[in-house]
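So this block is structure.pdb, PDB, C-alpha atoms and all ligand atoms:
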ATOM      1  CA  MET A 899    -119.539   3.408 -23.806
ATOM      2  CA  THR A 900    -122.098   3.732 -20.992
ATOM      3  CA  THR A 901    -121.223   3.238 -17.349
ATOM      4  CA  GLU A 902    -123.124  -0.040 -17.436
ATOM      5  CA  ASP A 903    -121.188  -1.284 -20.483
ATOM      6  CA  ALA A 904    -117.935  -0.565 -18.632
ATOM      7  CA  THR A 905    -119.254  -2.373 -15.547
ATOM      8  CA  ARG A 906    -120.225  -5.425 -17.615
ATOM      9  CA  GLU A 907    -116.708  -5.545 -19.080
ATOM     10  CA  LEU A 908    -115.147  -5.184 -15.640
ATOM     11  CA  LEU A 909    -117.336  -7.990 -14.198
ATOM     12  CA  VAL A 910    -116.354 -10.306 -17.074
ATOM     13  CA  GLU A 911    -112.670  -9.429 -16.580
ATOM     14  CA  LEU A 912    -112.901 -10.130 -12.825
ATOM     15  CA  LEU A 913    -114.691 -13.466 -13.312
ATOM     16  CA  GLY A 914    -111.762 -14.486 -15.544
ATOM     17  CA  GLU A 915    -109.182 -13.320 -13.005
ATOM     18  CA  PHE A 916    -110.973 -14.962 -10.082
ATOM     19  CA  TYR A 917    -111.304 -18.195 -12.093
ATOM     20  CA  ARG A 918    -107.543 -18.231 -12.693
ATOM     21  CA  ARG A 919    -106.984 -17.793  -8.946
ATOM     22  CA  GLY A 920    -109.274 -20.737  -8.161
ATOM     23  CA  TRP A 921    -111.944 -18.617  -6.507
ATOM     24  CA  VAL A 922    -114.857 -19.290  -8.930
ATOM     25  CA  SER A 923    -113.961 -22.671 -10.446
ATOM     26  CA  GLY A 924    -116.223 -25.548 -11.443
ATOM     27  CA  THR A 925    -118.998 -23.057 -12.374
ATOM     28  CA  GLY A 926    -119.267 -22.094  -8.665
ATOM     29  CA  GLY A 927    -119.070 -18.584  -7.272
ATOM     30  CA  GLY A 928    -120.348 -15.371  -8.773
ATOM     31  CA  ILE A 929    -120.386 -11.600  -8.861
ATOM     32  CA  CYS A 930    -122.745  -8.651  -9.150
ATOM     33  CA  GLY A 931    -122.320  -4.956  -9.897
ATOM     34  CA  PRO A 932    -124.381  -1.811 -10.438
ATOM     35  CA  ALA A 933    -126.648  -1.480 -13.493
ATOM     36  CA  ASP A 934    -127.701   1.906 -14.861
ATOM     37  CA  GLY A 935    -130.987   2.973 -13.249
ATOM     38  CA  GLY A 936    -130.458   1.393  -9.822
ATOM     39  CA  GLY A 937    -130.530  -2.337 -10.603
ATOM     40  CA  LEU A 938    -127.898  -4.987  -9.962
ATOM     41  CA  LEU A 939    -126.155  -6.866 -12.777
ATOM     42  CA  LEU A 940    -126.068 -10.535 -11.837
ATOM     43  CA  ALA A 941    -124.063 -13.326 -13.486
ATOM     44  CA  PRO A 942    -126.029 -16.427 -14.553
ATOM     45  CA  THR A 943    -125.963 -19.653 -12.505
ATOM     46  CA  GLY A 944    -124.417 -22.996 -13.466
ATOM     47  CA  VAL A 945    -122.158 -21.649 -16.209
ATOM     48  CA  HIS A 946    -118.370 -21.528 -16.508
ATOM     49  CA  LYS A 947    -117.702 -18.192 -14.864
ATOM     50  CA  GLU A 948    -114.597 -17.476 -16.966
ATOM     51  CA  ARG A 949    -116.737 -17.767 -20.121
ATOM     52  CA  VAL A 950    -119.569 -15.400 -19.132
ATOM     53  CA  ARG A 951    -120.011 -12.703 -21.786
ATOM     54  CA  THR A 952    -120.957  -9.067 -21.280
ATOM     55  CA  ASP A 953    -124.477  -9.672 -22.688
ATOM     56  CA  GLU A 954    -125.233 -12.602 -20.373
ATOM     57  CA  PHE A 955    -125.969 -10.715 -17.139
ATOM     58  CA  PHE A 956    -129.411 -10.420 -15.584
ATOM     59  CA  THR A 957    -130.576  -7.116 -14.140
ATOM     60  CA  VAL A 958    -132.414  -7.496 -10.821
ATOM     61  CA  ASP A 959    -134.181  -5.107  -8.471
ATOM     62  CA  PRO A 960    -132.026  -5.084  -5.303
ATOM     63  CA  SER A 961    -135.048  -4.334  -3.099
ATOM     64  CA  ASP A 962    -136.569  -7.786  -3.753
ATOM     65  CA  GLY A 963    -134.390  -9.688  -6.252
ATOM     66  CA  ARG A 964    -137.021  -9.478  -8.993
ATOM     67  CA  VAL A 965    -135.570  -9.915 -12.496
ATOM     68  CA  LEU A 966    -135.985  -6.639 -14.424
ATOM     69  CA  ARG A 967    -134.107  -7.702 -17.543
ATOM     70  CA  SER A 968    -132.951 -11.083 -18.818
ATOM     71  CA  PRO A 969    -130.187 -11.820 -21.327
ATOM     72  CA  GLU A 970    -131.215 -12.898 -24.829
ATOM     73  CA  ARG A 971    -129.910 -16.426 -24.264
ATOM     74  CA  SER A 972    -133.063 -18.103 -22.942
ATOM     75  CA  ASP A 973    -131.266 -21.090 -21.343
ATOM     76  CA  LEU A 974    -129.685 -18.912 -18.653
ATOM     77  CA  ARG A 975    -131.036 -18.548 -15.127
ATOM     78  CA  PRO A 976    -130.054 -15.853 -12.604
ATOM     79  CA  SER A 977    -127.429 -16.778 -10.007
ATOM     80  CA  GLU A 978    -128.592 -18.539  -6.841
ATOM     81  CA  CYS A 979    -126.742 -15.735  -5.018
ATOM     82  CA  ASN A 980    -129.494 -13.287  -6.010
ATOM     83  CA  SER A 981    -131.214 -13.083  -2.600
ATOM     84  CA  ILE A 982    -127.878 -12.883  -0.747
ATOM     85  CA  PHE A 983    -126.416 -10.202  -3.012
ATOM     86  CA  CYS A 984    -129.623  -8.166  -2.596
ATOM     87  CA  LEU A 985    -129.428  -8.594   1.184
ATOM     88  CA  ALA A 986    -125.805  -7.303   1.256
ATOM     89  CA  HIS A 987    -126.976  -4.361  -0.849
ATOM     90  CA  ARG A 988    -129.868  -3.498   1.473
ATOM     91  CA  GLU A 989    -128.002  -4.036   4.770
ATOM     92  CA  ARG A 990    -124.535  -2.751   3.805
ATOM     93  CA  GLY A 991    -125.134  -0.524   0.794
ATOM     94  CA  ALA A 992    -122.991  -2.894  -1.298
ATOM     95  CA  TRP A 993    -123.209  -2.265  -5.040
ATOM     96  CA  SER A 994    -120.923  -5.193  -5.751
ATOM     97  CA  VAL A 995    -120.650  -8.599  -4.090
ATOM     98  CA  VAL A 996    -118.290 -11.471  -4.907
ATOM     99  CA  HIS A 997    -119.168 -15.060  -4.048
ATOM    100  CA  SER A 998    -115.988 -17.145  -3.742
ATOM    101  CA  HIS A 999    -115.602 -20.917  -3.618
ATOM    102  CA  ALA A1000    -111.907 -20.627  -2.708
ATOM    103  CA  LEU A1001    -110.230 -23.429  -0.780
ATOM    104  CA  ALA A1002    -108.686 -20.839   1.566
ATOM    105  CA  ALA A1003    -112.176 -19.697   2.641
ATOM    106  CA  VAL A1004    -113.223 -23.310   3.310
ATOM    107  CA  LEU A1005    -110.075 -24.022   5.353
ATOM    108  CA  ALA A1006    -110.522 -20.768   7.297
ATOM    109  CA  GLY A1007    -114.084 -21.901   8.090
ATOM    110  CA  ASP A1008    -112.617 -25.178   9.406
ATOM    111  CA  LEU A1009    -110.508 -23.191  11.903
ATOM    112  CA  ALA A1010    -113.656 -21.578  13.355
ATOM    113  CA  ALA A1011    -115.299 -25.011  13.520
ATOM    114  CA  SER A1012    -112.346 -26.590  15.348
ATOM    115  CA  ASP A1013    -112.242 -23.605  17.745
ATOM    116  CA  ARG A1014    -116.048 -23.925  18.269
ATOM    117  CA  THR A1015    -116.547 -20.239  17.483
ATOM    118  CA  ASP A1016    -118.825 -18.414  15.056
ATOM    119  CA  HIS A1017    -116.095 -16.174  13.685
ATOM    120  CA  LEU A1018    -112.502 -15.721  12.574
ATOM    121  CA  ALA A1019    -110.331 -13.351  14.635
ATOM    122  CA  ILE A1020    -107.684 -11.871  12.328
ATOM    123  CA  ARG A1021    -104.757  -9.895  13.776
ATOM    124  CA  ASP A1022    -101.153  -8.824  13.225
ATOM    125  CA  LEU A1023    -101.297  -8.418   9.473
ATOM    126  CA  GLU A1024    -100.507  -5.289   7.457
ATOM    127  CA  MET A1025    -103.104  -6.396   4.891
ATOM    128  CA  LEU A1026    -105.887  -5.617   7.446
ATOM    129  CA  LYS A1027    -105.490  -1.964   6.395
ATOM    130  CA  GLY A1028    -107.171  -2.931   3.119
ATOM    131  CA  ILE A1029    -110.510  -3.105   4.967
ATOM    132  CA  PRO A1030    -112.016   0.379   5.500
ATOM    133  CA  GLY A1031    -111.823   1.499   9.141
ATOM    134  CA  VAL A1032    -109.493  -1.351  10.153
ATOM    135  CA  THR A1033    -105.816  -0.954  11.109
ATOM    136  CA  ASN A1034    -102.967  -3.427  11.540
ATOM    137  CA  THR A1035    -103.314  -3.215  15.349
ATOM    138  CA  ASP A1036    -106.991  -4.252  15.336
ATOM    139  CA  VAL A1037    -108.419  -7.727  15.882
ATOM    140  CA  HIS A1038    -110.793  -8.006  12.919
ATOM    141  CA  LEU A1039    -113.765 -10.364  13.358
ATOM    142  CA  VAL A1040    -115.300 -12.105  10.334
ATOM    143  CA  PRO A1041    -118.507 -14.124  10.872
ATOM    144  CA  VAL A1042    -118.649 -17.811   9.912
ATOM    145  CA  ILE A1043    -122.049 -19.380   9.189
ATOM    146  CA  ARG A1044    -123.164 -22.973   8.509
ATOM    147  CA  ASN A1045    -123.708 -24.238   4.989
ATOM    148  CA  THR A1046    -127.202 -25.159   3.748
ATOM    149  CA  PRO A1047    -128.385 -27.437   0.916
ATOM    150  CA  ARG A1048    -129.416 -24.433  -1.213
ATOM    151  CA  GLU A1049    -127.755 -21.027  -1.370
ATOM    152  CA  PRO A1050    -130.938 -18.944  -0.749
ATOM    153  CA  GLU A1051    -131.404 -20.813   2.569
ATOM    154  CA  LEU A1052    -128.328 -18.963   3.898
ATOM    155  CA  VAL A1053    -130.318 -15.716   4.065
ATOM    156  CA  GLY A1054    -131.574 -16.136   7.664
ATOM    157  CA  GLN A1055    -128.074 -16.711   9.073
ATOM    158  CA  LEU A1056    -126.712 -13.854   6.971
ATOM    159  CA  GLU A1057    -129.344 -11.462   8.309
ATOM    160  CA  ALA A1058    -128.326 -12.416  11.854
ATOM    161  CA  VAL A1059    -124.576 -11.830  11.372
ATOM    162  CA  LEU A1060    -125.110  -8.577   9.442
ATOM    163  CA  ALA A1061    -127.141  -7.310  12.424
ATOM    164  CA  ASP A1062    -124.469  -8.424  14.943
ATOM    165  CA  PRO A1063    -122.430  -5.402  16.158
ATOM    166  CA  ARG A1064    -119.304  -7.592  16.574
ATOM    167  CA  PHE A1065    -119.130  -7.832  12.788
ATOM    168  CA  ALA A1066    -119.952  -4.213  11.902
ATOM    169  CA  ASP A1067    -116.546  -3.667  10.186
ATOM    170  CA  SER A1068    -116.518  -6.930   8.263
ATOM    171  CA  ARG A1069    -116.981  -6.862   4.492
ATOM    172  CA  ALA A1070    -117.066 -10.656   4.359
ATOM    173  CA  VAL A1071    -119.038 -13.639   5.614
ATOM    174  CA  VAL A1072    -117.485 -17.114   5.470
ATOM    175  CA  VAL A1073    -119.789 -20.072   4.781
ATOM    176  CA  ARG A1074    -118.352 -23.300   6.227
ATOM    177  CA  ASP A1075    -117.512 -26.066   3.735
ATOM    178  CA  HIS A1076    -118.495 -23.685   0.927
ATOM    179  CA  GLY A1077    -116.718 -20.329   0.510
ATOM    180  CA  ALA A1078    -117.371 -16.664   1.259
ATOM    181  CA  TYR A1079    -119.371 -13.578   0.318
ATOM    182  CA  ILE A1080    -117.293 -10.394   0.097
ATOM    183  CA  TRP A1081    -118.631  -6.958  -0.823
ATOM    184  CA  GLY A1082    -117.794  -3.303  -1.424
ATOM    185  CA  ASP A1083    -119.394   0.031  -2.268
ATOM    186  CA  ASP A1084    -118.535  -0.494  -5.946
ATOM    187  CA  VAL A1085    -116.935  -3.176  -8.123
ATOM    188  CA  LEU A1086    -113.341  -2.072  -7.547
ATOM    189  CA  ALA A1087    -113.895  -1.904  -3.772
ATOM    190  CA  ALA A1088    -115.361  -5.420  -3.869
ATOM    191  CA  LYS A1089    -112.316  -6.532  -5.925
ATOM    192  CA  ARG A1090    -109.933  -5.022  -3.379
ATOM    193  CA  HIS A1091    -111.742  -6.587  -0.424
ATOM    194  CA  THR A1092    -111.877  -9.933  -2.224
ATOM    195  CA  GLU A1093    -108.100  -9.918  -2.698
ATOM    196  CA  VAL A1094    -107.476  -8.728   0.865
ATOM    197  CA  TYR A1095    -109.750 -11.324   2.482
ATOM    198  CA  HIS A1096    -108.308 -14.181   0.430
ATOM    199  CA  PHE A1097    -104.848 -13.157   1.630
ATOM    200  CA  LEU A1098    -106.118 -12.985   5.233
ATOM    201  CA  PHE A1099    -107.779 -16.431   4.976
ATOM    202  CA  GLU A1100    -104.600 -17.939   3.508
ATOM    203  CA  ALA A1101    -102.477 -16.287   6.206
ATOM    204  CA  LEU A1102    -104.713 -17.578   9.021
ATOM    205  CA  VAL A1103    -104.582 -21.144   7.708
ATOM    206  CA  ALA A1104    -100.825 -21.070   7.028
ATOM    207  CA  ARG A1105    -100.059 -19.639  10.467
ATOM    208  CA  ARG A1106    -102.169 -22.325  12.175
ATOM    209  CA  ASP A1107    -100.355 -25.052  10.213
ATOM    210  CA  HIS A1108     -97.041 -23.481  11.175
ATOM    211  CA  GLN A1109     -98.024 -23.438  14.882
ATOM    212  CA  LYS A1110     -99.024 -27.116  14.717
ATOM    213  CA  GLU A1111     -95.709 -28.136  13.168
ATOM    214  CA  HIS A1112     -93.735 -26.255  15.800
ATOM    215  CA  ARG A1113     -95.702 -27.357  18.850
ATOM    216  CA  PRO A1114     -93.352 -29.170  21.258
TER     217      PRO A1114
HETATM  218 ZN    ZN B1201    -121.680 -21.066  -3.695
END

Can the structure from this file be put into structure tokens for me?
Amino acid sequence: MTTEDATRELLVELLGEFYRRGWVSGTGGGICGPADGGGLLLAPTGVHKERVRTDEFFTVDPSDGRVLRSPERSDLRPSECNSIFCLAHRERGAWSVVHSHALAAVLAGDLAASDRTDHLAIRDLEMLKGIPGVTNTDVHLVPVIRNTPREPELVGQLEAVLADPRFADSRAVVVRDHGAYIWGDDVLAAKRHTEVYHFLFEALVARRDHQKEHRP
């Protein structure tokens, strides 16, 4: 089996796992990973993510998002995340990016909105150690951007937060009312960061609810 075959199988496995956790449901969300020869394998758009097969990925050029290879099924189109995944690759060296539609990411975005800030400040959690370079004594800042009618229109805001030194350690960007993009150097790093950030989002939201209930 080639490296790319193994990557395709891993991407399919993760789409199934993320579907079962409610992170890519209703055909939303997506994932990409490295193709042999320097391309990115990209899941198709508008399909049930838990049913994507290993031969249904597109291969795109991460320098411009151009499709290098299409799957045999001619009714498939490349994910709308294409331009964003390619941006994370160029700006952060990410070879794998997960796009989540998880409720926890949406509710975490609501916290930033109600605080009138452009970020989440995450602290006092052991799980922070799952992000490279971050410890459990740090205050970890994750940018939160506004949603747009179409996914590719998020690119301008994403470029701005990726260039913002406050967010240099973040491997995630939350999109309000929508979800999050989470990346890593390879597919397993992206998987780890995806699990860690979903825990952090859930913890932030649960702690805020807890504070509200116990306010005198
Ligand atoms: Zn989306």

Could you spell out the hits of the PyMOL selection byres (((chain A and resi 941) around 10) and not hetatm) on the shown file, as an MDAnalysis selection string? chainID A and resid 906 909:910 913 927:931 938:940 942:945 947 950:957 974:980

Spell out the residues picked by the PyMOL selection byres (((chain A and resi 984-995) around 9) and not hetatm) here, as an NGL selection string. :A and (928-932 or 938-939 or 958-963 or 979-983 or 996-997 or 1053 or 1056-1057 or 1060-1061 or 1069 or 1079-1089)

Go ahead and save the picked residues with C-alpha atoms, as a PDB file, in the coordinates of the input.
ATOM      1  CA  GLY A 928    -120.348 -15.371  -8.773  1.00  0.00           C
ATOM      2  CA  ILE A 929    -120.386 -11.600  -8.861  1.00  0.00           C
ATOM      3  CA  CYS A 930    -122.745  -8.651  -9.150  1.00  0.00           C
ATOM      4  CA  GLY A 931    -122.320  -4.956  -9.897  1.00  0.00           C
ATOM      5  CA  PRO A 932    -124.381  -1.811 -10.438  1.00  0.00           C
ATOM      6  CA  LEU A 938    -127.898  -4.987  -9.962  1.00  0.00           C
ATOM      7  CA  LEU A 939    -126.155  -6.866 -12.777  1.00  0.00           C
ATOM      8  CA  VAL A 958    -132.414  -7.496 -10.821  1.00  0.00           C
ATOM      9  CA  ASP A 959    -134.181  -5.107  -8.471  1.00  0.00           C
ATOM     10  CA  PRO A 960    -132.026  -5.084  -5.303  1.00  0.00           C
ATOM     11  CA  SER A 961    -135.048  -4.334  -3.099  1.00  0.00           C
ATOM     12  CA  ASP A 962    -136.569  -7.786  -3.753  1.00  0.00           C
ATOM     13  CA  GLY A 963    -134.390  -9.688  -6.252  1.00  0.00           C
ATOM     14  CA  CYS A 979    -126.742 -15.735  -5.018  1.00  0.00           C
ATOM     15  CA  ASN A 980    -129.494 -13.287  -6.010  1.00  0.00           C
ATOM     16  CA  SER A 981    -131.214 -13.083  -2.600  1.00  0.00           C
ATOM     17  CA  ILE A 982    -127.878 -12.883  -0.747  1.00  0.00           C
ATOM     18  CA  PHE A 983    -126.416 -10.202  -3.012  1.00  0.00           C
ATOM     19  CA  VAL A 996    -118.290 -11.471  -4.907  1.00  0.00           C
ATOM     20  CA  HIS A 997    -119.168 -15.060  -4.048  1.00  0.00           C
ATOM     21  CA  VAL A1053    -130.318 -15.716   4.065  1.00  0.00           C
ATOM     22  CA  LEU A1056    -126.712 -13.854   6.971  1.00  0.00           C
ATOM     23  CA  GLU A1057    -129.344 -11.462   8.309  1.00  0.00           C
ATOM     24  CA  LEU A1060    -125.110  -8.577   9.442  1.00  0.00           C
ATOM     25  CA  ALA A1061    -127.141  -7.310  12.424  1.00  0.00           C
ATOM     26  CA  ARG A1069    -116.981  -6.862   4.492  1.00  0.00           C
ATOM     27  CA  TYR A1079    -119.371 -13.578   0.318  1.00  0.00           C
ATOM     28  CA  ILE A1080    -117.293 -10.394   0.097  1.00  0.00           C
ATOM     29  CA  TRP A1081    -118.631  -6.958  -0.823  1.00  0.00           C
ATOM     30  CA  GLY A1082    -117.794  -3.303  -1.424  1.00  0.00           C
ATOM     31  CA  ASP A1083    -119.394   0.031  -2.268  1.00  0.00           C
ATOM     32  CA  ASP A1084    -118.535  -0.494  -5.946  1.00  0.00           C
ATOM     33  CA  VAL A1085    -116.935  -3.176  -8.123  1.00  0.00           C
ATOM     34  CA  LEU A1086    -113.341  -2.072  -7.547  1.00  0.00           C
ATOM     35  CA  ALA A1087    -113.895  -1.904  -3.772  1.00  0.00           C
ATOM     36  CA  ALA A1088    -115.361  -5.420  -3.869  1.00  0.00           C
ATOM     37  CA  LYS A1089    -112.316  -6.532  -5.925  1.00  0.00           C
TER      38      LYS A1089
END

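If you measure from each of A:Asp1036, A:Asp1067, A:Glu1051, A:Glu1100 to ligand ZN 1201 (chain B) using only C-alpha atoms and all ligand atoms, the closest one turns out to be A:Glu1051.
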
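Among A:Ser1068, A:Ser968, A:Thr900, A:Thr925, the residue with the shortest atom-to-atom distance to A:Leu1039, counting only C-alpha atoms, is A:Ser1068.
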
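One finds atom CA of A:Ala1101 at 25.8 Å from atom CA of A:Gln1055.
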
Enclosing box along x, y and z for every listed atom of stretch 917-922 of chain A, padded 3 Å each side, centre and size in Å, one decimal, as AutoDock Vina command-line options:
--center_x -110.9 --center_y -19.3 --center_z -9.6 --size_x 13.9 --size_y 8.9 --size_z 12.2

Let me know the residues the PyMOL selection byres (((not hetatm)) within 7 of (chain B and resi 1201)) catches in the file above, as a ChimeraX atom specification. /A:926-927,997-999,1049,1076-1077

All residues 7 Å or closer to stretch 1009-1026 of chain A, all atoms listed in the file, same chain fewer than 3 positions away omitted, as an MDAnalysis selection string: chainID A and resid 1005:1006 1029 1032:1043 1094

Atom CA of A:Pro1030 to atom CA of A:Val922 measures 24.6 Å

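For the set A:Glu1111, A:Asp1008, A:Asp973, A:Glu948, the residue with the smallest atom-to-atom gap to A:Ser923 is A:Glu948, counting only C-alpha atoms.
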